[in-house]
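Structure file entry08.pdb; described as PDB, C-alpha atoms.
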ATOM      1  CA  MET L   1      -1.910  11.422  36.997
ATOM      2  CA  ARG L   2      -4.995  10.180  38.853
ATOM      3  CA  GLU L   3      -6.501   6.787  38.029
ATOM      4  CA  ILE L   4     -10.252   6.301  37.695
ATOM      5  CA  THR L   5     -12.479   3.483  36.514
ATOM      6  CA  LEU L   6     -13.973   3.252  33.047
ATOM      7  CA  SER L   7     -17.382   3.770  34.678
ATOM      8  CA  GLN L   8     -16.214   6.999  36.308
ATOM      9  CA  ALA L   9     -14.651   8.172  33.053
ATOM     10  CA  VAL L  10     -17.928   7.729  31.175
ATOM     11  CA  ASN L  11     -19.820   9.490  33.959
ATOM     12  CA  GLU L  12     -17.378  12.414  33.866
ATOM     13  CA  ALA L  13     -17.618  12.741  30.101
ATOM     14  CA  LEU L  14     -21.403  12.849  30.225
ATOM     15  CA  ALA L  15     -21.476  15.388  33.053
ATOM     16  CA  GLU L  16     -18.928  17.661  31.363
ATOM     17  CA  GLU L  17     -20.757  17.632  28.043
ATOM     18  CA  MET L  18     -24.150  18.194  29.678
ATOM     19  CA  ARG L  19     -22.762  21.206  31.544
ATOM     20  CA  ARG L  20     -21.222  22.529  28.335
ATOM     21  CA  ASP L  21     -24.296  22.115  26.136
ATOM     22  CA  PRO L  22     -27.834  22.409  27.557
ATOM     23  CA  THR L  23     -29.292  20.657  24.496
ATOM     24  CA  THR L  24     -27.600  17.418  25.578
ATOM     25  CA  PHE L  25     -29.740  14.918  27.478
ATOM     26  CA  ILE L  26     -29.786  11.220  28.351
ATOM     27  CA  LEU L  27     -32.639   8.773  28.002
ATOM     28  CA  GLY L  28     -32.981   5.049  28.553
ATOM     29  CA  GLU L  29     -34.148   2.383  30.954
ATOM     30  CA  ASP L  30     -33.113   2.872  34.609
ATOM     31  CA  VAL L  31     -30.789   5.778  33.815
ATOM     32  CA  ALA L  32     -32.029   8.174  36.523
ATOM     33  CA  GLU L  33     -32.256   7.072  40.168
ATOM     34  CA  ALA L  34     -30.869   3.588  39.409
ATOM     35  CA  GLY L  35     -27.944   4.970  37.395
ATOM     36  CA  THR L  36     -28.217   1.946  35.044
ATOM     37  CA  PRO L  37     -27.700  -1.673  36.171
ATOM     38  CA  PHE L  38     -23.939  -1.040  36.004
ATOM     39  CA  LYS L  39     -24.243   2.227  38.027
ATOM     40  CA  VAL L  40     -22.381   4.109  35.310
ATOM     41  CA  LEU L  41     -24.726   7.123  35.462
ATOM     42  CA  SER L  42     -24.942   7.404  39.242
ATOM     43  CA  GLY L  43     -25.368  11.001  40.424
ATOM     44  CA  LEU L  44     -26.249  12.564  37.082
ATOM     45  CA  VAL L  45     -29.967  12.880  37.790
ATOM     46  CA  GLU L  46     -29.209  14.731  41.020
ATOM     47  CA  GLU L  47     -27.280  17.384  39.088
ATOM     48  CA  PHE L  48     -29.301  17.639  35.893
ATOM     49  CA  GLY L  49     -32.789  16.573  36.944
ATOM     50  CA  THR L  50     -35.319  14.269  35.375
ATOM     51  CA  ASP L  51     -35.865  16.582  32.398
ATOM     52  CA  ARG L  52     -32.351  15.776  31.165
ATOM     53  CA  VAL L  53     -31.783  12.300  32.614
ATOM     54  CA  ILE L  54     -34.961  10.587  31.515
ATOM     55  CA  ASP L  55     -36.104   7.143  32.615
ATOM     56  CA  THR L  56     -38.036   5.442  29.822
ATOM     57  CA  PRO L  57     -40.425   2.511  29.713
ATOM     58  CA  ILE L  58     -39.106  -0.818  28.457
ATOM     59  CA  ALA L  59     -39.757   0.319  24.899
ATOM     60  CA  GLU L  60     -36.480   0.560  23.005
ATOM     61  CA  PRO L  61     -37.993   1.307  19.576
ATOM     62  CA  GLY L  62     -40.067   4.105  21.096
ATOM     63  CA  PHE L  63     -37.361   5.977  22.962
ATOM     64  CA  MET L  64     -34.878   5.494  20.130
ATOM     65  CA  GLY L  65     -37.400   7.072  17.780
ATOM     66  CA  ILE L  66     -37.818   9.987  20.192
ATOM     67  CA  ALA L  67     -34.051  10.468  20.252
ATOM     68  CA  VAL L  68     -33.781  10.494  16.449
ATOM     69  CA  GLY L  69     -36.536  13.111  16.231
ATOM     70  CA  ALA L  70     -34.933  15.217  18.960
ATOM     71  CA  ALA L  71     -31.570  15.098  17.200
ATOM     72  CA  MET L  72     -33.121  16.150  13.907
ATOM     73  CA  THR L  73     -34.669  19.203  15.564
ATOM     74  CA  GLY L  74     -31.605  20.573  17.352
ATOM     75  CA  ALA L  75     -30.944  18.498  20.484
ATOM     76  CA  ARG L  76     -28.034  16.156  21.213
ATOM     77  CA  PRO L  77     -29.572  13.044  22.769
ATOM     78  CA  ILE L  78     -27.529  10.254  24.321
ATOM     79  CA  VAL L  79     -29.390   6.953  24.319
ATOM     80  CA  ASP L  80     -28.398   4.421  26.956
ATOM     81  CA  LEU L  81     -29.161   0.936  25.680
ATOM     82  CA  MET L  82     -28.907  -1.366  28.693
ATOM     83  CA  PHE L  83     -27.346  -4.304  26.811
ATOM     84  CA  GLY L  84     -25.826  -4.346  23.353
ATOM     85  CA  ASP L  85     -28.005  -7.341  22.513
ATOM     86  CA  PHE L  86     -31.036  -5.010  22.551
ATOM     87  CA  ILE L  87     -29.707  -3.184  19.500
ATOM     88  CA  PHE L  88     -31.830  -5.502  17.364
ATOM     89  CA  LEU L  89     -34.878  -3.677  18.753
ATOM     90  CA  VAL L  90     -33.760  -0.268  17.461
ATOM     91  CA  MET L  91     -32.342  -1.206  14.079
ATOM     92  CA  ASP L  92     -35.006   0.558  12.016
ATOM     93  CA  GLN L  93     -34.668   3.825  13.918
ATOM     94  CA  LEU L  94     -30.869   3.624  13.928
ATOM     95  CA  CYS L  95     -30.079   2.186  10.507
ATOM     96  CA  ASN L  96     -32.997   3.307   8.345
ATOM     97  CA  GLN L  97     -33.622   6.708   9.911
ATOM     98  CA  ALA L  98     -30.635   8.116  11.846
ATOM     99  CA  ALA L  99     -27.997   6.798   9.447
ATOM    100  CA  LYS L 100     -29.731   7.986   6.285
ATOM    101  CA  ILE L 101     -31.503  11.280   7.050
ATOM    102  CA  HIS L 102     -28.516  13.527   6.296
ATOM    103  CA  TYR L 103     -28.101  11.933   2.869
ATOM    104  CA  MET L 104     -31.818  11.753   2.066
ATOM    105  CA  SER L 105     -32.378  15.397   3.041
ATOM    106  CA  GLY L 106     -29.593  16.593   0.782
ATOM    107  CA  GLY L 107     -27.532  17.634   3.781
ATOM    108  CA  LYS L 108     -30.269  19.773   5.336
ATOM    109  CA  LEU L 109     -30.761  17.561   8.397
ATOM    110  CA  ASN L 110     -28.241  16.181  10.869
ATOM    111  CA  VAL L 111     -28.686  13.522  13.541
ATOM    112  CA  PRO L 112     -26.166  14.326  16.320
ATOM    113  CA  LEU L 113     -27.111  11.297  18.371
ATOM    114  CA  VAL L 114     -24.986   8.981  20.527
ATOM    115  CA  LEU L 115     -26.064   5.431  21.268
ATOM    116  CA  ARG L 116     -24.151   4.086  24.284
ATOM    117  CA  THR L 117     -24.286   0.369  24.808
ATOM    118  CA  ASN L 118     -22.005  -2.529  25.685
ATOM    119  CA  LEU L 119     -20.458  -5.750  24.470
ATOM    120  CA  GLY L 120     -18.633  -8.739  25.864
ATOM    121  CA  ALA L 121     -18.977 -12.309  27.047
ATOM    122  CA  THR L 122     -17.559 -14.155  30.108
ATOM    123  CA  ARG L 123     -19.911 -12.342  32.500
ATOM    124  CA  ARG L 124     -22.187 -15.418  32.801
ATOM    125  CA  SER L 125     -25.108 -13.502  31.296
ATOM    126  CA  ALA L 126     -26.114 -16.154  28.749
ATOM    127  CA  ALA L 127     -26.797 -15.911  25.042
ATOM    128  CA  GLN L 128     -29.153 -12.914  25.002
ATOM    129  CA  HIS L 129     -26.987 -10.617  27.159
ATOM    130  CA  SER L 130     -23.434 -11.473  26.075
ATOM    131  CA  GLN L 131     -23.125 -10.633  22.394
ATOM    132  CA  SER L 132     -20.640  -8.279  20.743
ATOM    133  CA  LEU L 133     -22.547  -6.783  17.821
ATOM    134  CA  GLN L 134     -20.290  -3.966  16.638
ATOM    135  CA  ALA L 135     -19.952  -5.412  13.136
ATOM    136  CA  LEU L 136     -23.721  -5.201  12.720
ATOM    137  CA  VAL L 137     -23.813  -1.401  12.839
ATOM    138  CA  ALA L 138     -20.377  -0.909  11.254
ATOM    139  CA  HIS L 139     -21.957  -2.378   8.108
ATOM    140  CA  ILE L 140     -24.344   0.591   7.786
ATOM    141  CA  PRO L 141     -23.087   3.726   5.959
ATOM    142  CA  GLY L 142     -23.895   6.864   7.935
ATOM    143  CA  LEU L 143     -23.026   5.474  11.370
ATOM    144  CA  LYS L 144     -19.747   5.919  13.227
ATOM    145  CA  VAL L 145     -18.650   3.159  15.600
ATOM    146  CA  ALA L 146     -16.251   3.527  18.537
ATOM    147  CA  LEU L 147     -14.822   0.788  20.775
ATOM    148  CA  PRO L 148     -13.007   2.209  23.837
ATOM    149  CA  SER L 149     -10.440  -0.065  25.427
ATOM    150  CA  SER L 150      -9.748   1.798  28.703
ATOM    151  CA  ALA L 151     -11.042   4.558  30.950
ATOM    152  CA  TYR L 152      -8.867   7.100  29.108
ATOM    153  CA  GLU L 153     -10.213   6.004  25.732
ATOM    154  CA  ALA L 154     -13.813   5.870  26.965
ATOM    155  CA  LYS L 155     -13.846   9.472  28.147
ATOM    156  CA  GLY L 156     -12.067  10.958  25.152
ATOM    157  CA  LEU L 157     -14.063   9.035  22.555
ATOM    158  CA  LEU L 158     -17.415   9.720  24.242
ATOM    159  CA  LYS L 159     -16.800  13.469  24.374
ATOM    160  CA  THR L 160     -15.868  13.426  20.688
ATOM    161  CA  ALA L 161     -18.994  11.406  19.886
ATOM    162  CA  ILE L 162     -21.310  13.820  21.697
ATOM    163  CA  ARG L 163     -19.924  16.759  19.715
ATOM    164  CA  ASP L 164     -20.132  14.944  16.372
ATOM    165  CA  ASN L 165     -22.993  15.917  14.066
ATOM    166  CA  ASN L 166     -23.408  12.303  12.920
ATOM    167  CA  PRO L 167     -24.975   9.352  14.735
ATOM    168  CA  VAL L 168     -22.320   7.466  16.728
ATOM    169  CA  VAL L 169     -22.583   4.061  18.379
ATOM    170  CA  ILE L 170     -20.197   3.440  21.289
ATOM    171  CA  PHE L 171     -19.714  -0.081  22.630
ATOM    172  CA  GLU L 172     -18.209  -0.304  26.139
ATOM    173  CA  ASP L 173     -17.049  -3.651  27.465
ATOM    174  CA  LYS L 174     -19.273  -4.513  30.418
ATOM    175  CA  LEU L 175     -16.456  -6.365  32.193
ATOM    176  CA  MET L 176     -14.216  -3.295  32.122
ATOM    177  CA  TYR L 177     -16.391  -0.813  34.023
ATOM    178  CA  ASN L 178     -14.298  -1.259  37.186
ATOM    179  CA  ASP L 179     -10.933  -1.278  35.404
ATOM    180  CA  LYS L 180      -8.789   1.731  36.286
ATOM    181  CA  ALA L 181      -6.479   3.743  34.043
ATOM    182  CA  PRO L 182      -4.765   7.142  34.158
ATOM    183  CA  VAL L 183      -7.196   9.868  33.022
ATOM    184  CA  PRO L 184      -6.256  13.580  32.958
ATOM    185  CA  GLU L 185      -8.376  15.988  34.965
ATOM    186  CA  GLU L 186      -8.120  18.588  32.212
ATOM    187  CA  GLU L 187     -10.370  18.300  29.182
ATOM    188  CA  TYR L 188      -9.264  16.222  26.211
ATOM    189  CA  LEU L 189     -10.881  14.615  23.175
ATOM    190  CA  ILE L 190      -9.736  11.644  21.108
ATOM    191  CA  PRO L 191     -10.306  12.146  17.371
ATOM    192  CA  PHE L 192     -12.115   9.442  15.445
ATOM    193  CA  GLY L 193     -10.168   7.517  12.830
ATOM    194  CA  VAL L 194      -6.802   7.755  14.608
ATOM    195  CA  ALA L 195      -5.490   4.410  15.871
ATOM    196  CA  ASN L 196      -3.363   4.096  18.996
ATOM    197  CA  VAL L 197      -0.068   2.202  18.765
ATOM    198  CA  LEU L 198       0.275   0.885  22.308
ATOM    199  CA  ARG L 199       3.431  -1.123  21.802
ATOM    200  CA  GLN L 200       6.130  -0.982  19.149
ATOM    201  CA  GLY L 201       7.295  -4.225  17.560
ATOM    202  CA  SER L 202       9.103  -5.624  14.553
ATOM    203  CA  ASP L 203       7.967  -9.250  14.139
ATOM    204  CA  ILE L 204       4.162  -9.286  14.119
ATOM    205  CA  THR L 205       1.274  -6.834  14.437
ATOM    206  CA  LEU L 206      -1.590  -7.509  16.844
ATOM    207  CA  ILE L 207      -4.628  -5.387  15.987
ATOM    208  CA  ALA L 208      -7.225  -5.597  18.737
ATOM    209  CA  THR L 209     -10.472  -3.863  19.691
ATOM    210  CA  SER L 210     -12.107  -3.075  23.039
ATOM    211  CA  SER L 211     -11.638  -5.908  25.559
ATOM    212  CA  MET L 212      -9.240  -7.674  23.227
ATOM    213  CA  VAL L 213      -6.669  -4.879  23.538
ATOM    214  CA  GLN L 214      -5.774  -6.181  26.997
ATOM    215  CA  VAL L 215      -5.596  -9.705  25.557
ATOM    216  CA  ALA L 216      -3.226  -8.499  22.821
ATOM    217  CA  GLU L 217      -0.993  -6.691  25.311
ATOM    218  CA  GLN L 218      -0.820  -9.802  27.495
ATOM    219  CA  ALA L 219      -0.019 -11.910  24.428
ATOM    220  CA  ALA L 220       2.738  -9.474  23.456
ATOM    221  CA  ALA L 221       4.266  -9.847  26.925
ATOM    222  CA  LEU L 222       4.228 -13.636  26.542
ATOM    223  CA  LEU L 223       5.862 -13.364  23.111
ATOM    224  CA  ASP L 224       8.569 -11.107  24.498
ATOM    225  CA  ARG L 225       9.886 -14.052  26.507
ATOM    226  CA  ASP L 226      10.494 -15.899  23.244
ATOM    227  CA  GLY L 227      12.218 -12.944  21.633
ATOM    228  CA  ILE L 228       9.237 -12.136  19.405
ATOM    229  CA  ARG L 229       8.498  -8.402  19.306
ATOM    230  CA  ALA L 230       4.795  -7.783  18.745
ATOM    231  CA  GLU L 231       3.361  -4.411  17.813
ATOM    232  CA  VAL L 232      -0.038  -3.792  19.441
ATOM    233  CA  ILE L 233      -2.544  -1.409  17.866
ATOM    234  CA  ASP L 234      -5.985  -0.318  19.056
ATOM    235  CA  PRO L 235      -7.996   1.105  16.122
ATOM    236  CA  ARG L 236     -10.280   2.928  18.625
ATOM    237  CA  THR L 237     -12.935   3.389  15.953
ATOM    238  CA  ILE L 238     -13.853   0.836  13.333
ATOM    239  CA  VAL L 239     -15.855   3.484  11.445
ATOM    240  CA  PRO L 240     -13.881   5.494  10.490
ATOM    241  CA  LEU L 241     -10.964   3.065  10.382
ATOM    242  CA  ASP L 242      -7.367   4.298  10.435
ATOM    243  CA  GLU L 243      -6.133   2.115   7.585
ATOM    244  CA  GLU L 244      -2.859   3.961   7.171
ATOM    245  CA  THR L 245      -1.570   3.202  10.667
ATOM    246  CA  LEU L 246      -2.558  -0.458  10.357
ATOM    247  CA  LEU L 247      -1.006  -0.809   6.912
ATOM    248  CA  ALA L 248       2.213   0.919   7.961
ATOM    249  CA  SER L 249       2.601  -1.507  10.845
ATOM    250  CA  VAL L 250       1.922  -4.606   8.763
ATOM    251  CA  ARG L 251       4.320  -3.449   6.043
ATOM    252  CA  LYS L 252       6.965  -3.217   8.766
ATOM    253  CA  THR L 253       6.291  -6.510  10.571
ATOM    254  CA  SER L 254       5.042  -8.592   7.581
ATOM    255  CA  ARG L 255       2.602 -10.574   9.772
ATOM    256  CA  ALA L 256      -0.640  -9.716  11.565
ATOM    257  CA  ILE L 257      -3.398 -11.098  13.755
ATOM    258  CA  VAL L 258      -6.688  -9.219  14.109
ATOM    259  CA  ILE L 259      -8.564  -9.847  17.377
ATOM    260  CA  ASP L 260     -12.157  -8.847  18.164
ATOM    261  CA  GLU L 261     -14.782 -10.258  20.524
ATOM    262  CA  GLY L 262     -17.520 -10.285  17.899
ATOM    263  CA  HIS L 263     -18.384 -13.523  16.126
ATOM    264  CA  GLN L 264     -15.671 -14.528  13.715
ATOM    265  CA  SER L 265     -17.733 -14.946  10.546
ATOM    266  CA  TYR L 266     -18.571 -11.776   8.596
ATOM    267  CA  GLY L 267     -17.166  -9.643  11.389
ATOM    268  CA  VAL L 268     -14.709  -6.877  12.242
ATOM    269  CA  THR L 269     -11.763  -9.265  12.045
ATOM    270  CA  ALA L 270     -12.758 -10.322   8.535
ATOM    271  CA  GLU L 271     -13.060  -6.745   7.295
ATOM    272  CA  ILE L 272      -9.739  -5.551   8.690
ATOM    273  CA  ALA L 273      -7.903  -8.703   7.576
ATOM    274  CA  SER L 274      -9.343  -8.334   4.089
ATOM    275  CA  ARG L 275      -8.151  -4.745   3.776
ATOM    276  CA  LEU L 276      -4.666  -5.678   4.947
ATOM    277  CA  ASN L 277      -4.476  -8.619   2.557
ATOM    278  CA  GLU L 278      -5.607  -6.407  -0.325
ATOM    279  CA  LYS L 279      -3.425  -3.382   0.365
ATOM    280  CA  ALA L 280      -0.298  -4.894   1.927
ATOM    281  CA  PHE L 281      -0.175  -8.197   0.057
ATOM    282  CA  TYR L 282       3.395  -7.903  -1.229
ATOM    283  CA  HIS L 283       4.674  -7.048   2.256
ATOM    284  CA  LEU L 284       3.129 -10.099   3.939
ATOM    285  CA  ASP L 285       5.078 -13.242   4.812
ATOM    286  CA  ALA L 286       1.841 -14.987   5.820
ATOM    287  CA  PRO L 287      -1.899 -14.412   5.372
ATOM    288  CA  VAL L 288      -3.420 -12.129   7.991
ATOM    289  CA  LEU L 289      -4.999 -14.266  10.709
ATOM    290  CA  ARG L 290      -8.255 -13.331  12.399
ATOM    291  CA  MET L 291      -9.374 -14.367  15.876
ATOM    292  CA  GLY L 292     -12.948 -13.666  16.956
ATOM    293  CA  ALA L 293     -15.551 -15.283  19.141
ATOM    294  CA  MET L 294     -16.813 -18.725  18.182
ATOM    295  CA  ASP L 295     -19.800 -18.770  15.858
ATOM    296  CA  VAL L 296     -22.109 -20.138  18.546
ATOM    297  CA  PRO L 297     -24.685 -18.611  20.906
ATOM    298  CA  VAL L 298     -22.723 -17.548  23.988
ATOM    299  CA  PRO L 299     -23.107 -20.339  26.566
ATOM    300  CA  PHE L 300     -24.189 -19.703  30.151
ATOM    301  CA  SER L 301     -21.896 -22.428  31.464
ATOM    302  CA  PRO L 302     -18.617 -20.824  32.658
ATOM    303  CA  ALA L 303     -16.557 -23.747  31.410
ATOM    304  CA  LEU L 304     -18.035 -23.421  27.941
ATOM    305  CA  GLU L 305     -18.294 -19.621  27.818
ATOM    306  CA  ASP L 306     -14.603 -19.115  28.523
ATOM    307  CA  LEU L 307     -13.752 -21.187  25.448
ATOM    308  CA  THR L 308     -15.709 -18.963  23.079
ATOM    309  CA  VAL L 309     -13.514 -15.836  23.133
ATOM    310  CA  PRO L 310      -9.824 -15.337  22.290
ATOM    311  CA  THR L 311      -7.299 -15.493  25.128
ATOM    312  CA  ALA L 312      -3.756 -14.174  25.448
ATOM    313  CA  GLU L 313      -2.374 -17.714  25.404
ATOM    314  CA  ARG L 314      -4.162 -18.592  22.164
ATOM    315  CA  VAL L 315      -3.144 -15.319  20.509
ATOM    316  CA  ALA L 316       0.480 -15.847  21.538
ATOM    317  CA  GLY L 317       0.401 -19.450  20.316
ATOM    318  CA  ASN L 318      -0.883 -18.414  16.900
ATOM    319  CA  ALA L 319       1.679 -15.615  16.720
ATOM    320  CA  ARG L 320       4.517 -18.048  17.429
ATOM    321  CA  ARG L 321       3.325 -20.347  14.662
ATOM    322  CA  LEU L 322       3.009 -17.489  12.177
ATOM    323  CA  CYS L 323       6.496 -16.260  13.004
ATOM    324  CA  ALA L 324       7.805 -19.801  12.574
ATOM    325  CA  GLY L 325       6.383 -19.941   9.078
ATOM    326  CA  GLU L 326       3.490 -22.297   9.802
ATOM    327  CA  MET L 327       0.256 -21.901   7.869
ATOM    328  CA  ILE L 328      -2.733 -21.345  10.134
ATOM    329  CA  HIS L 329      -6.359 -21.258   9.086
ATOM    330  CA  ALA L 330      -8.978 -19.280  10.976
ATOM    331  CA  ALA L 331     -11.329 -21.567  12.843
TER     332      ALA L 331
END

Output the structure of this file as structure tokens.
Amino acid sequence: MREITLSQAVNEALAEEMRRDPTTFILGEDVAEAGTPFKVLSGLVEEFGTDRVIDTPIAEPGFMGIAVGAAMTGARPIVDLMFGDFIFLVMDQLCNQAAKIHYMSGGKLNVPLVLRTNLGATRRSAAQHSQSLQALVAHIPGLKVALPSSAYEAKGLLKTAIRDNNPVVIFEDKLMYNDKAPVPEEEYLIPFGVANVLRQGSDITLIATSSMVQVAEQAAALLDRDGIRAEVIDPRTIVPLDEETLLASVRKTSRAIVIDEGHQSYGVTAEIASRLNEKAFYHLDAPVLRMGAMDVPVPFSPALEDLTVPTAERVAGNARRLCAGEMIHAA
């Protein structure tokens, strides 16, 4: 099977869906000739023109409002939000309008809208361009939230999102755009709410999202050397969340660590750990441990920034201690 980058996979998904459905269009800052700062959309404006790949002013609330209105009246807009940190600027349109219109209209209106944005630190982009804010929107009923962890996942989840009649927020890790993975040339979709078990294990479950999936796989390889068999699971979507796959794994291994690049407090790790503790309590040999980013603004300094997010070595170290029966408290 061919290997392509995550950037190419996203580009392919968008092009395929825009060819399939003429009501689909893209709007955002620098999406046309520039192809976004990460060059993810390069070439799309040449094929589809500026009526369907629309450069907007630096006015996130305005173009998000346009997208919500377009979705309500029959189009399928894809909003490109340059950095995930800018999601604060569109929260009213996204959370008060898009997420609630179907319910408030008694099911008469749908908002088939996709918001594409990114997450991730360690790119030396400082505190206002390095946040991972997926928990923020996962908190809002009416929104679906997807976190692709590879080129394969990015293409399949994005195509599913574009065809969904609900508003979907997709967070791509900005450090992974050049990472390659096998991606079929034939069409495929990845259903929401179906986790991916990447590695079978018997001693501990590592549940990881987005960029942290690679960290979990690396940690599992380190643990293998010590004879500890870690199961690695990528939930793919945190809304909807595939609880059954996660619970089945934890009931088998009796220990779990949840890893996410969002801030630790009140985040994705807390929610998943809480559900596992509630629903698999009598199968656990230790409390579920969560590992997220430090609760600090992301530093610009490389030496400091690298300390703020989980690493394979730290995940493996915590896993060893859990398997040895030590009590560990999230920090």

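Residues selected in this file by the PyMOL selection byres ((chain L and resi 3-13) around 6) comprise L:Arg2, L:Leu14, L:Ala15, L:Glu16, L:Val40, L:Leu41, L:Ala151, L:Lys155, L:Lys159, L:Tyr177, L:Asn178, L:Asp179, L:Lys180, L:Ala181, L:Pro182, L:Val183.
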
For this session: For stretch 55-64 of chain L, please output as a PyMOL selection string all residues within 12 Å (counting only C-alpha atoms; exclusion window: fewer than 3 positions along the same chain).
Result: chain L and resi 25-36+41+45+49-52+67-71+77-95+97-98+113-116+167

For this session: Rounded to one decimal place, report the atom CA of L:Tyr103-atom CA of L:Gly142 distance in Å.
Result: 8.3 Å

For this session: Find the residues with any atom within 8 Å of (3.3, 2.5, 17.3); use all atoms listed in the file and the coordinates as given in the file, and write the answer as a ChimeraX atom specification.
Result: /L:196-201,231-233,249

For this session: Provide the atom CA of L:Ser42 to atom CA of L:Leu133 distance in Å, to one decimal place.
Result: 25.8 Å

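Comparing L:Val239, L:Leu246, L:Ile228, L:Ala280 by their smallest distance to L:His139, the closest is L:Val239 (using all atoms listed in the file).
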
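For L:Ala303, the set of protein, DNA and RNA residues having any atom at most 12 Å away, when counting all atoms listed in the file and skipping those fewer than 6 positions along the same chain, is Thr122, Arg123, Arg124 and Val309 of chain L.
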
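For the pair atom CA of L:Met18 and atom CA of L:Pro235, the interatomic distance is 27.1 Å.
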
At a cut-off of 8 Å, can you tabulate as a Markdown table every residue of stretch 113-188 of chain L near stretch 210-215 of chain L together with its closest atom pair and the distance in Å to one decimal, using only C-alpha atoms and ordering rows by chain then number?
| residue | atom | partner | partner_atom | distance |
| --- | --- | --- | --- | --- |
| L:Gly120 | CA | L:Ser211 | CA | 7.6 |
| L:Leu147 | CA | L:Ser210 | CA | 5.2 |
| L:Pro148 | CA | L:Ser210 | CA | 5.4 |
| L:Ser149 | CA | L:Ser210 | CA | 4.2 |
| L:Ser150 | CA | L:Ser210 | CA | 7.8 |
| L:Glu172 | CA | L:Ser210 | CA | 7.4 |
| L:Asp173 | CA | L:Ser211 | CA | 6.2 |
| L:Met176 | CA | L:Ser211 | CA | 7.5 |

Dump C-alpha atoms for the selected residues as a compact mmCIF listing (two decimals), in the coordinates of the input?
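File part-v1.txt, as written:
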# COMPACT_ATOMS: atom_id res chain seq x y z
CA GLY L 120 -18.63 -8.74 25.86
CA LEU L 147 -14.82 0.79 20.78
CA PRO L 148 -13.01 2.21 23.84
CA SER L 149 -10.44 -0.06 25.43
CA SER L 150 -9.75 1.80 28.70
CA GLU L 172 -18.21 -0.30 26.14
CA ASP L 173 -17.05 -3.65 27.46
CA MET L 176 -14.22 -3.30 32.12
